[in-house]
There are 4 protein chains.
Amino acid sequence: MNRPHLIKIPERGGTRVTNDGESMNILCIGDVVGKPGRDAVERLLDDLKEEFRVDLVIVNVENAAGGSGVTSKIAKHFLEIGCDVLTSGDHVWDQKELEEYLKEEPFLLRPANFPEGAPGRGWCIKSTPSGIKVGVVNMIGRVFMRYNVDCPFRALDTIIEEIKKETSIIVVDMHAEATSEKVAMGHYGDGRVSCVFGTHTHIQTADEKILPNGTAYITDLGMTGPYDSVIGQKKENILRRFLTSLPLRFNVADGEATLHGIVIEIDEKTGKALHIMRIQREDKAFQEQSGKKESCSAMQNE
Amino acid sequence: MNRPHLIKIPERGGTRVTNDGESMNILCIGDVVGKPGRDAVERLLDDLKEEFRVDLVIVNVENAAGGSGVTSKIAKHFLEIGCDVLTSGDHVWDQKELEEYLKEEPFLLRPANFPEGAPGRGWCIKSTPSGIKVGVVNMIGRVFMRYNVDCPFRALDTIIEEIKKETSIIVVDMHAEATSEKVAMGHYGDGRVSCVFGTHTHIQTADEKILPNGTAYITDLGMTGPYDSVIGQKKENILRRFLTSLPLRFNVADGEATLHGIVIEIDEKTGKALHIMRIQREDKAFQEQSGKKESCSAMQNE
Amino acid sequence: MNRPHLIKIPERGGTRVTNDGESMNILCIGDVVGKPGRDAVERLLDDLKEEFRVDLVIVNVENAAGGSGVTSKIAKHFLEIGCDVLTSGDHVWDQKELEEYLKEEPFLLRPANFPEGAPGRGWCIKSTPSGIKVGVVNMIGRVFMRYNVDCPFRALDTIIEEIKKETSIIVVDMHAEATSEKVAMGHYGDGRVSCVFGTHTHIQTADEKILPNGTAYITDLGMTGPYDSVIGQKKENILRRFLTSLPLRFNVADGEATLHGIVIEIDEKTGKALHIMRIQREDKAFQEQSGKKESCSAMQNE
Amino acid sequence: MNRPHLIKIPERGGTRVTNDGESMNILCIGDVVGKPGRDAVERLLDDLKEEFRVDLVIVNVENAAGGSGVTSKIAKHFLEIGCDVLTSGDHVWDQKELEEYLKEEPFLLRPANFPEGAPGRGWCIKSTPSGIKVGVVNMIGRVFMRYNVDCPFRALDTIIEEIKKETSIIVVDMHAEATSEKVAMGHYGDGRVSCVFGTHTHIQTADEKILPNGTAYITDLGMTGPYDSVIGQKKENILRRFLTSLPLRFNVADGEATLHGIVIEIDEKTGKALHIMRIQREDKAFQEQSGKKESCSAMQNE
């Protein structure tokens with residue numbers, strides 16, 4: 001049986017996480033929510049990059065501005081501190097002023113399957129310091145989503161063709177609600193792209209795998225935001241909303257954040273994925289800063 | 001900071017999985033899909049019960065009949081082979097003949113928050129062989145779901161009050177699509193029920209935890225069904241549907257199934273959860289039966 | 001066959017529109033959109049009241065404030081100029097400051113089937129100048145609507161019971177999207193309430209009728225707002241949204257408004273409806289004010 | 001002000017309904033539901049064609065087979081009795097066997113904006129007996145609809161271009177739920193097509209008009225089916241569904257049907273619409289057949 005590999009925990013410190021010139025490592029960070037999420041990225045990024053010998057960092061930033069979209073200022077800061085490509089989703093239009101910046105900045109993406117005429121870009125090609133080109137594609141699903149956009153599956157065909165002219169390393173952020181649509185995108189891209197990861201639900205899934213034809217896949221990276229919350233929002237507010245059906249402004253919860261994401265190892269020659277590993281990392285600096293003690297470390301890297 | 005425990009991997013063979021008369025273990029199995037899923041439960045159940053000293057088994061069976069609902073015959077068989085309580089969801093009405101059986105069988109549940117007058121029961125109290133009573137509640141979410149049912153949060157209040165007359169051990173299957181609604185239910189039940197687990201999306205999440213007030217929580221158990229599929233269905237069919245927007249009958253995929261679920265350890269006196277542990281178990285018997293070899297065992301218990 | 005009456009055009013000037021002490025006339029005005037809609041109500045109301053010998057005026061005001069909700073100031077003004085009861089819908093929470101006023105003002109309604117704990121009232125009993133009591137109920141549908149509220153059908157049972165203690169004249173504003181849910185509400189109330197009219201879609205329907213047991217019914221009153229628009233909004237903006245899938249703020253269109261609604265005649269003793277008549281009335285004052293000529297009068301009262 | 005005409009009731013017997021060689025009349029019949037609907041079309045069609053000097057008949061047949069789709073046999077029968085072009089909507093795939101017939105029959109349409117690869121055609125050009133060519137286009141909306149199809153607005157541009165090579169008379173059936181999307185399609189086609197009529201909601205709207213640039217428009221034709229029903233289905237069943245949230249098979253109601261539709265008069269040279277008139281016609285033959293008397297005729301042609 002052509003059963004895919006199911007690599008769960010690559011040996012740390014071994015060749016797997018060493019960029020030996022034949023494979024590269026990409027760190028993908030899930031939906032950054034508000035200030036707690038932004039701080040977590042800022043405080044954890046350098047260590048993560050060193051620990052996993054990361055060649056490229058992709059971050060979904062669509063909830064970075066108070067939970068609702070991203071501003072040009074915040075986006076710029078992400079790029080300055082070492083994030084290479086920023087992806088987004090349905091909240092990308094929440095901050096009106098972003099529109100101009102979307103047109104300028106090639107490494108801030110909005111979903112590629114918005115109809116022709118939408119401002120900004122849906123994919124890009126970014127070079128790593130060592131000169132490896134990586135195509136990054138941002139897609140949005142249609143099931144249970146608020147926008148009627150073009151078919152993400154057919155859109156992917158066109159974009160792959162374009163990117164393949166320059167590189168065979170392609171990573172897709174499929175920002176979607178329904179697991180069926182995300183899993184389907186994984187299989188659709190299998191063997192043609194290096195990785196399909198999902199974002200949007202803010203909860204990391206435990207189904208990371210290498211698909212039969214060499215594509216790394218996970219249904220959702222999970223969010224990077226306040227741990228004690230309902231998908232990043234204040235618990236009390238969300239519960240009130242569910243109990244009363246009254247509308248609610250997005251209120252980012254306080255407290256320590258957890259960074260969620262994956263590291264993928266990709267064969268530089270073929271663009272095939274070699275490994276995928278889930279990351280769950282607490283923002284301990286937050287605790288120290290707040291003078292709090294924390295005895296439980298179970299969540300670190302799982 | 002009153003940070004919840006984040007127990008990931010209890011020490012196997014130690015006291016944690018030994019029912020020492022003070023704590024009990026409950027195995028919860030996620031959405032069983034079609035014949036591959038039913039076979040996996042049948043072949044793996046006894047070993048899992050022994051391995052984890054399981055006192056009670058809860059199985060979500062709403063996709064057990066060809067992916068669409070469950071028949072009375074299939075439900076009876078689950079109960080005969082050692083499943084104690086069967087839960088369901090939006091597909092519970094798919095098999096017309098089930099309605100009579102729902103009225104008869106106290107341990108086959110439909111969501112409790114269907115309006116008054118719906119056939120069957122939404123919760124039950126089941127005694128383990130050693131005489132411990134466990135309340136099991138089945139709820140269905142309203143966000144992105146096809147039925148307009150009563151508020152699951154308010155419904156829980158009423159049911160908890162009823163069950164607490166007999167036992168403080170309560171497990172809730174929150175069958176829902178949106179992560180926000182499921183996480184909110186976890187926090188809503190925190191300290192009042194032993195566990196809230198989600199079902200419906202067919203993809204296991206990696207957010208298992210003990211909430212601050214002692215409730216075990218996971219957003220989704222994941223399905224028990226064919227591994228190489230889109231949430232249990234044939235990949236080719238689902239992809240064709242996404243590409244053409246044409247409707248599609250549910251076609252359960254072939255091939256080896258994986259059982260997804262959790263084991264929770266609960267303090268018998270207080271009803272508080274002590275541990276939660278995710279399970280991903282391949283149905284190896286399928287492979288042997290088919291004369292296939294399988295060298296990769298990475299997915300076992302993760 | 002017990003076929004309901006289908007009165008389309010009651011004889012004007014005859015006894016039908018004369019309040020002879022045995023029947024009463026109620027004017028119901030559909031969703032008022034923005035300033036053009038408010039002005040139309042203000043300029044047309046007195047004439048309509050005289051023309052149809054109107055005893056009570058019910059107005060849906062949920063889009064009166066720039067298309068999005070209603071403010072306390074605007075609501076007060078409606079009551080001052082002779083509107084007796086104001087109804088609303090899903091937009092009732094759009095203007096945050098309204099919440100306090102909702103708690104105070106008994107004749108400004110929000111949907112009755114919001115869960116317990118929502119601010120304000122869902123029904124009221126209003127006396128006409130001649131002392132006839134009229135119960136007015138505001139409901140919201142659940143199909144294709146953004147809030148998960150309680151069942152409007154079951155809620156109606158409870159409210160009817162309350163109102164019947166004081167009067168048998170009851171009018172229901174069913175604010176909903178799906179025709180099936182609105183038509184079902186008509187049949188559900190048939191014989192128990194005097195009238196069920198729908199609001200929300202902003203397009204008047206041509207199905208006004210008296211149902212078999214004496215309830216006047218129409219699926220939607222239509223809006224009171226700018227004629228040359230897409231349901232009250234600027235055409236260009238809405239078209240841009242459909243073409244680009246980009247989000248859009250609500251922009252009330254300019255230009256002359258049309259008032260849409262119904263007049264119903266109700267037997268004062270039994271509460272049964274005797275007639276229902278659709279109204280489509282141009283705000284000619286707008287034209288005169290603007291110095292424009294208007295030769296076409298085809299739309300008047302149809 | 002460039003205010004559109006609002007022609008409500010063209011003078012019958014005058015030149016308006018006489019095809020004088022310069023204008024033509026098209027009868028458009030709304031969603032035919034089940035046997036009562038089919039019988040109504042069969043019994044009323046010839047008289048309507050004579051009365052309005054109809055040159056072409058367009059019928060939406062997507063609920064003709066027991067309320068759910070249409071079979072090849074039923075479709076053929078419609079064409080045999082004098083319907084010229086059959087349109088459909090989201091139910092077009094309900095009858096599996098239709099797929100072959102859809103490929104064969106050029107005058108049975110499915111929505112044109114299904115993705116490439118869907119069987120059948122989305123538009124056609126039909127010649128009247130006197131040799132006038134009429135383009136008919138079938139579109140489906142995306143708001144509140146179950147399929148993720150291509151943008152109907154952009155699809156219209158392409159199709160208009162094709163049809164204009166042969167004729168400037170174009171009629172569009174916009175099968176959609178949301179009034180905003182249908183009204184927007186009217187404005188989008190205004191001046192480029194002869195008529196945009198909506199179908200799907202089964203309730204006729206009272207907003208028929210000629211738009212500023214000469215396109216006849218109505219948001220919904222209404223259904224052709226059992227009068228005493230909830231959008232064609234048995235009242236009792238639908239009410240039970242709303243009260244219990246239990247699923248329900250489509251059950252066409254019994255009893256007399258009403259035919260709903262429009263007649264539009266189009267300038268043969270320019271393709272501009274001259275008039276639009278709503279039709280509501282009872283199937284009296286049903287009553288006579290059943291030996292029932294019917295004194296109320298108010299609904300006839302309104």
# chains A, B, ... in the order shown; residues from 1 in each chain; ligands from 1

$ closest_atom_pairs --of "chain B" --to "chain C" --cutoff "7 Å" --atoms "only C-alpha atoms" --output "CSV"
residue,atom,partner,partner_atom,distance
B:Arg142,CA,C:Asn148,CA,6.9
B:Asn148,CA,C:Arg142,CA,6.9
B:Asp150,CA,C:Asp150,CA,6.5

$ select_by_dssp --residues "region 36-247 of chain C" --states "alpha helix (DSSP H)" --output "number ranges by chain"
C: 36-51, 72-80, 98-104, 152-164, 179-189, 235-244

$ atom_distance --atom1 "CA of Val54 (chain B)" --atom2 "CA of Gly122 (chain B)"
23.3 Å

$ residues_around --residues "Gly232 (chain D)" --least-positions-apart "6" --cutoff "8 Å" --atoms "only C-alpha atoms" --output "list in words"
Val33, Gly67, His202, Met223, Gly225, Pro226, Val252 and Ala253 of chain D

$ write_last_selection --atoms "N, CA and C atoms" --output "short mmCIF file (atom, residue, chain, number, x, y, z; two decimals), in the first residue's frame"
data_model
loop_
_atom_site.label_atom_id
_atom_site.label_comp_id
_atom_site.auth_asym_id
_atom_site.auth_seq_id
_atom_site.Cartn_x
_atom_site.Cartn_y
_atom_site.Cartn_z
N VAL D 33 -44.41 23.61 -9.71
CA VAL D 33 -44.22 22.69 -8.58
C VAL D 33 -45.14 21.47 -8.72
N GLY D 67 -41.68 18.30 -6.96
CA GLY D 67 -41.12 19.41 -6.20
C GLY D 67 -39.60 19.44 -6.24
N HIS D 202 -40.55 31.47 -4.91
CA HIS D 202 -41.92 30.94 -5.05
C HIS D 202 -43.00 31.96 -4.68
N MET D 223 -44.39 31.10 -7.89
CA MET D 223 -44.43 29.71 -8.37
C MET D 223 -45.73 29.42 -9.12
N GLY D 225 -48.04 26.47 -8.68
CA GLY D 225 -48.24 25.27 -7.87
C GLY D 225 -49.40 25.45 -6.93
N PRO D 226 -49.55 24.51 -6.00
CA PRO D 226 -50.72 24.49 -5.11
C PRO D 226 -50.83 25.77 -4.29
N VAL D 252 -45.35 17.69 -2.15
CA VAL D 252 -46.16 18.68 -2.85
C VAL D 252 -47.57 18.66 -2.28
N ALA D 253 -48.10 19.86 -2.01
CA ALA D 253 -49.46 19.97 -1.48
C ALA D 253 -50.48 19.60 -2.55
#

$ select_by_dssp --residues "region 87-300 of chain B" --states "strand (DSSP E or B)" --output "PyMOL selection string"
chain B and resi 87+108-109+121+123-127+133-140+170-175+190+193+195-199+205+209-210+216-218+224-226+230+233+252+257-267+273-282

$ atom_distance --atom1 "CA of Glu104 (chain B)" --atom2 "CA of Cys124 (chain B)"
12.7 Å

$ residues_around --residues "Ala257 (chain A)" --least-positions-apart "2" --cutoff "8 Å" --atoms "only C-alpha atoms" --output "list in words"
Pro36, Gly37, Ala40, Thr224, Gly225, Pro226, Tyr227, Gly255, Leu259, Glu282, Asp283 and Phe286 of chain A

$ write_last_selection --atoms "all heavy atoms" --output "short mmCIF file (atom, residue, chain, number, x, y, z; two decimals), in the first residue's frame"
data_model
loop_
_atom_site.label_atom_id
_atom_site.label_comp_id
_atom_site.auth_asym_id
_atom_site.auth_seq_id
_atom_site.Cartn_x
_atom_site.Cartn_y
_atom_site.Cartn_z
N PRO A 36 -1.23 40.44 22.22
CA PRO A 36 -0.59 39.26 22.81
C PRO A 36 0.04 38.37 21.75
O PRO A 36 1.14 37.83 21.94
CB PRO A 36 -1.74 38.55 23.52
CG PRO A 36 -2.76 39.62 23.79
CD PRO A 36 -2.64 40.59 22.65
N GLY A 37 -0.62 38.22 20.62
CA GLY A 37 -0.08 37.39 19.55
C GLY A 37 1.14 38.02 18.91
O GLY A 37 2.14 37.34 18.64
N ALA A 40 4.09 37.68 21.16
CA ALA A 40 4.61 36.31 21.19
C ALA A 40 5.51 36.05 19.99
O ALA A 40 6.59 35.47 20.11
CB ALA A 40 3.44 35.31 21.22
N THR A 224 -1.95 32.15 17.02
CA THR A 224 -0.91 32.66 17.91
C THR A 224 -1.55 33.81 18.67
O THR A 224 -1.66 34.93 18.16
CB THR A 224 0.31 33.10 17.09
OG1 THR A 224 0.85 31.92 16.47
CG2 THR A 224 1.35 33.75 17.97
N GLY A 225 -2.02 33.48 19.86
CA GLY A 225 -2.76 34.49 20.61
C GLY A 225 -3.01 34.03 22.02
O GLY A 225 -2.45 33.02 22.46
N PRO A 226 -3.87 34.78 22.74
CA PRO A 226 -4.09 34.53 24.17
C PRO A 226 -4.61 33.11 24.41
O PRO A 226 -5.60 32.70 23.80
CB PRO A 226 -5.14 35.56 24.55
CG PRO A 226 -5.18 36.55 23.45
CD PRO A 226 -4.66 35.89 22.23
N TYR A 227 -3.97 32.45 25.32
CA TYR A 227 -4.29 31.05 25.59
C TYR A 227 -5.67 30.87 26.24
O TYR A 227 -6.48 30.05 25.81
CB TYR A 227 -3.22 30.47 26.51
CG TYR A 227 -3.46 29.05 26.89
CD1 TYR A 227 -3.04 28.02 26.07
CD2 TYR A 227 -4.13 28.74 28.07
CE1 TYR A 227 -3.28 26.70 26.41
CE2 TYR A 227 -4.37 27.43 28.42
CZ TYR A 227 -3.94 26.41 27.59
OH TYR A 227 -4.20 25.12 27.93
N GLY A 255 -3.57 38.19 28.67
CA GLY A 255 -2.85 37.05 29.20
C GLY A 255 -1.88 36.47 28.22
O GLY A 255 -1.75 36.90 27.08
N LEU A 259 2.17 30.41 20.74
CA LEU A 259 2.42 30.44 19.30
C LEU A 259 2.14 29.05 18.75
O LEU A 259 2.63 28.05 19.28
CB LEU A 259 3.86 30.87 19.04
CG LEU A 259 4.34 30.97 17.59
CD1 LEU A 259 5.42 32.05 17.47
CD2 LEU A 259 4.89 29.64 17.07
N GLU A 282 4.78 28.38 24.26
CA GLU A 282 4.29 29.45 25.13
C GLU A 282 5.19 30.67 25.08
O GLU A 282 6.40 30.54 24.95
CB GLU A 282 4.25 28.98 26.59
CG GLU A 282 3.28 27.86 26.84
CD GLU A 282 3.45 27.30 28.24
OE1 GLU A 282 3.97 28.03 29.11
OE2 GLU A 282 3.10 26.14 28.44
N ASP A 283 4.58 31.82 25.26
CA ASP A 283 5.35 33.06 25.32
C ASP A 283 5.76 33.30 26.77
O ASP A 283 5.17 34.09 27.49
CB ASP A 283 4.46 34.21 24.81
CG ASP A 283 5.18 35.55 24.91
OD1 ASP A 283 6.42 35.55 25.07
OD2 ASP A 283 4.49 36.57 24.82
N PHE A 286 6.32 36.64 28.55
CA PHE A 286 5.15 37.33 29.09
C PHE A 286 5.05 37.09 30.58
O PHE A 286 4.82 38.00 31.36
CB PHE A 286 3.88 36.84 28.39
CG PHE A 286 2.63 37.38 29.00
CD1 PHE A 286 2.13 38.61 28.62
CD2 PHE A 286 1.94 36.65 29.98
CE1 PHE A 286 0.97 39.12 29.20
CE2 PHE A 286 0.79 37.16 30.56
CZ PHE A 286 0.32 38.39 30.16
#

$ residues_around --residues "Thr71 (chain A)" --least-positions-apart "4" --cutoff "10 Å" --atoms "only C-alpha atoms" --output "list in words"
Val61, Glu62, Asn63, Ala64, Ala65, Gly66, Ala75, Lys76, His77, Val92, Trp93, Asp94, Gln95, Lys96, Glu97, Leu98, Glu99 and Tyr101 of chain A

$ atom_distance --atom1 "CA of Trp123 (chain D)" --atom2 "CA of Ile210 (chain D)"
22.8 Å

$ decode --residues "region 98-127 of chain C" --atoms "N, CA and C atoms" --output "PDB file, in the first residue's frame"
ATOM      1  N   LEU C  98     -28.842  52.736  21.393  1.00  0.00           N
ATOM      2  CA  LEU C  98     -30.284  52.456  21.418  1.00  0.00           C
ATOM      3  C   LEU C  98     -30.680  51.595  22.608  1.00  0.00           C
ATOM      4  N   GLU C  99     -29.729  50.833  23.116  1.00  0.00           N
ATOM      5  CA  GLU C  99     -30.038  49.832  24.134  1.00  0.00           C
ATOM      6  C   GLU C  99     -30.807  50.418  25.322  1.00  0.00           C
ATOM      7  N   GLU C 100     -30.350  51.577  25.788  1.00  0.00           N
ATOM      8  CA  GLU C 100     -31.044  52.198  26.934  1.00  0.00           C
ATOM      9  C   GLU C 100     -32.480  52.571  26.577  1.00  0.00           C
ATOM     10  N   TYR C 101     -32.627  53.147  25.390  1.00  0.00           N
ATOM     11  CA  TYR C 101     -33.954  53.592  24.959  1.00  0.00           C
ATOM     12  C   TYR C 101     -34.896  52.403  24.775  1.00  0.00           C
ATOM     13  N   LEU C 102     -34.337  51.302  24.310  1.00  0.00           N
ATOM     14  CA  LEU C 102     -35.139  50.080  24.147  1.00  0.00           C
ATOM     15  C   LEU C 102     -35.750  49.636  25.477  1.00  0.00           C
ATOM     16  N   LYS C 103     -34.989  49.849  26.534  1.00  0.00           N
ATOM     17  CA  LYS C 103     -35.480  49.424  27.853  1.00  0.00           C
ATOM     18  C   LYS C 103     -36.607  50.334  28.338  1.00  0.00           C
ATOM     19  N   GLU C 104     -36.551  51.605  27.940  1.00  0.00           N
ATOM     20  CA  GLU C 104     -37.522  52.609  28.397  1.00  0.00           C
ATOM     21  C   GLU C 104     -38.822  52.620  27.607  1.00  0.00           C
ATOM     22  N   GLU C 105     -38.685  52.604  26.294  1.00  0.00           N
ATOM     23  CA  GLU C 105     -39.820  52.932  25.421  1.00  0.00           C
ATOM     24  C   GLU C 105     -40.637  51.665  25.103  1.00  0.00           C
ATOM     25  N   PRO C 106     -41.853  51.576  25.603  1.00  0.00           N
ATOM     26  CA  PRO C 106     -42.635  50.348  25.412  1.00  0.00           C
ATOM     27  C   PRO C 106     -43.103  50.126  23.974  1.00  0.00           C
ATOM     28  N   PHE C 107     -43.128  51.194  23.150  1.00  0.00           N
ATOM     29  CA  PHE C 107     -43.667  51.024  21.800  1.00  0.00           C
ATOM     30  C   PHE C 107     -42.587  50.941  20.717  1.00  0.00           C
ATOM     31  N   LEU C 108     -41.351  50.773  21.152  1.00  0.00           N
ATOM     32  CA  LEU C 108     -40.271  50.433  20.227  1.00  0.00           C
ATOM     33  C   LEU C 108     -39.907  48.978  20.515  1.00  0.00           C
ATOM     34  N   LEU C 109     -40.108  48.108  19.540  1.00  0.00           N
ATOM     35  CA  LEU C 109     -39.908  46.676  19.773  1.00  0.00           C
ATOM     36  C   LEU C 109     -38.630  46.158  19.129  1.00  0.00           C
ATOM     37  N   ARG C 110     -38.067  45.146  19.773  1.00  0.00           N
ATOM     38  CA  ARG C 110     -37.036  44.326  19.115  1.00  0.00           C
ATOM     39  C   ARG C 110     -37.642  42.923  19.020  1.00  0.00           C
ATOM     40  N   PRO C 111     -37.078  42.063  18.153  1.00  0.00           N
ATOM     41  CA  PRO C 111     -37.709  40.755  17.989  1.00  0.00           C
ATOM     42  C   PRO C 111     -37.927  40.041  19.329  1.00  0.00           C
ATOM     43  N   ALA C 112     -39.121  39.498  19.492  1.00  0.00           N
ATOM     44  CA  ALA C 112     -39.530  38.879  20.756  1.00  0.00           C
ATOM     45  C   ALA C 112     -38.795  37.579  21.030  1.00  0.00           C
ATOM     46  N   ASN C 113     -38.282  36.952  19.979  1.00  0.00           N
ATOM     47  CA  ASN C 113     -37.648  35.648  20.184  1.00  0.00           C
ATOM     48  C   ASN C 113     -36.145  35.727  20.360  1.00  0.00           C
ATOM     49  N   PHE C 114     -35.624  36.898  20.727  1.00  0.00           N
ATOM     50  CA  PHE C 114     -34.246  36.926  21.243  1.00  0.00           C
ATOM     51  C   PHE C 114     -34.273  36.253  22.610  1.00  0.00           C
ATOM     52  N   PRO C 115     -33.186  35.610  22.970  1.00  0.00           N
ATOM     53  CA  PRO C 115     -33.178  34.852  24.226  1.00  0.00           C
ATOM     54  C   PRO C 115     -33.456  35.753  25.435  1.00  0.00           C
ATOM     55  N   GLU C 116     -33.934  35.133  26.475  1.00  0.00           N
ATOM     56  CA  GLU C 116     -34.159  35.816  27.744  1.00  0.00           C
ATOM     57  C   GLU C 116     -32.913  36.604  28.118  1.00  0.00           C
ATOM     58  N   GLY C 117     -33.124  37.824  28.579  1.00  0.00           N
ATOM     59  CA  GLY C 117     -31.977  38.624  28.975  1.00  0.00           C
ATOM     60  C   GLY C 117     -31.642  39.716  27.973  1.00  0.00           C
ATOM     61  N   ALA C 118     -32.188  39.600  26.749  1.00  0.00           N
ATOM     62  CA  ALA C 118     -31.945  40.669  25.768  1.00  0.00           C
ATOM     63  C   ALA C 118     -32.674  41.926  26.229  1.00  0.00           C
ATOM     64  N   PRO C 119     -32.070  43.099  26.027  1.00  0.00           N
ATOM     65  CA  PRO C 119     -32.730  44.338  26.454  1.00  0.00           C
ATOM     66  C   PRO C 119     -33.981  44.630  25.627  1.00  0.00           C
ATOM     67  N   GLY C 120     -34.936  45.292  26.233  1.00  0.00           N
ATOM     68  CA  GLY C 120     -36.126  45.732  25.498  1.00  0.00           C
ATOM     69  C   GLY C 120     -37.240  44.715  25.490  1.00  0.00           C
ATOM     70  N   ARG C 121     -38.272  45.025  24.721  1.00  0.00           N
ATOM     71  CA  ARG C 121     -39.484  44.212  24.655  1.00  0.00           C
ATOM     72  C   ARG C 121     -39.745  43.721  23.238  1.00  0.00           C
ATOM     73  N   GLY C 122     -40.416  42.587  23.115  1.00  0.00           N
ATOM     74  CA  GLY C 122     -40.731  42.009  21.822  1.00  0.00           C
ATOM     75  C   GLY C 122     -42.183  42.174  21.424  1.00  0.00           C
ATOM     76  N   TRP C 123     -42.990  42.648  22.332  1.00  0.00           N
ATOM     77  CA  TRP C 123     -44.405  42.889  21.981  1.00  0.00           C
ATOM     78  C   TRP C 123     -44.971  43.959  22.903  1.00  0.00           C
ATOM     79  N   CYS C 124     -46.108  44.535  22.495  1.00  0.00           N
ATOM     80  CA  CYS C 124     -46.750  45.560  23.304  1.00  0.00           C
ATOM     81  C   CYS C 124     -48.239  45.584  22.988  1.00  0.00           C
ATOM     82  N   ILE C 125     -48.973  46.268  23.810  1.00  0.00           N
ATOM     83  CA  ILE C 125     -50.389  46.514  23.524  1.00  0.00           C
ATOM     84  C   ILE C 125     -50.584  48.026  23.491  1.00  0.00           C
ATOM     85  N   LYS C 126     -51.079  48.496  22.356  1.00  0.00           N
ATOM     86  CA  LYS C 126     -51.233  49.937  22.152  1.00  0.00           C
ATOM     87  C   LYS C 126     -52.728  50.248  21.977  1.00  0.00           C
ATOM     88  N   SER C 127     -53.198  51.291  22.654  1.00  0.00           N
ATOM     89  CA  SER C 127     -54.595  51.683  22.487  1.00  0.00           C
ATOM     90  C   SER C 127     -54.726  52.762  21.425  1.00  0.00           C
TER      91      SER C 127
END
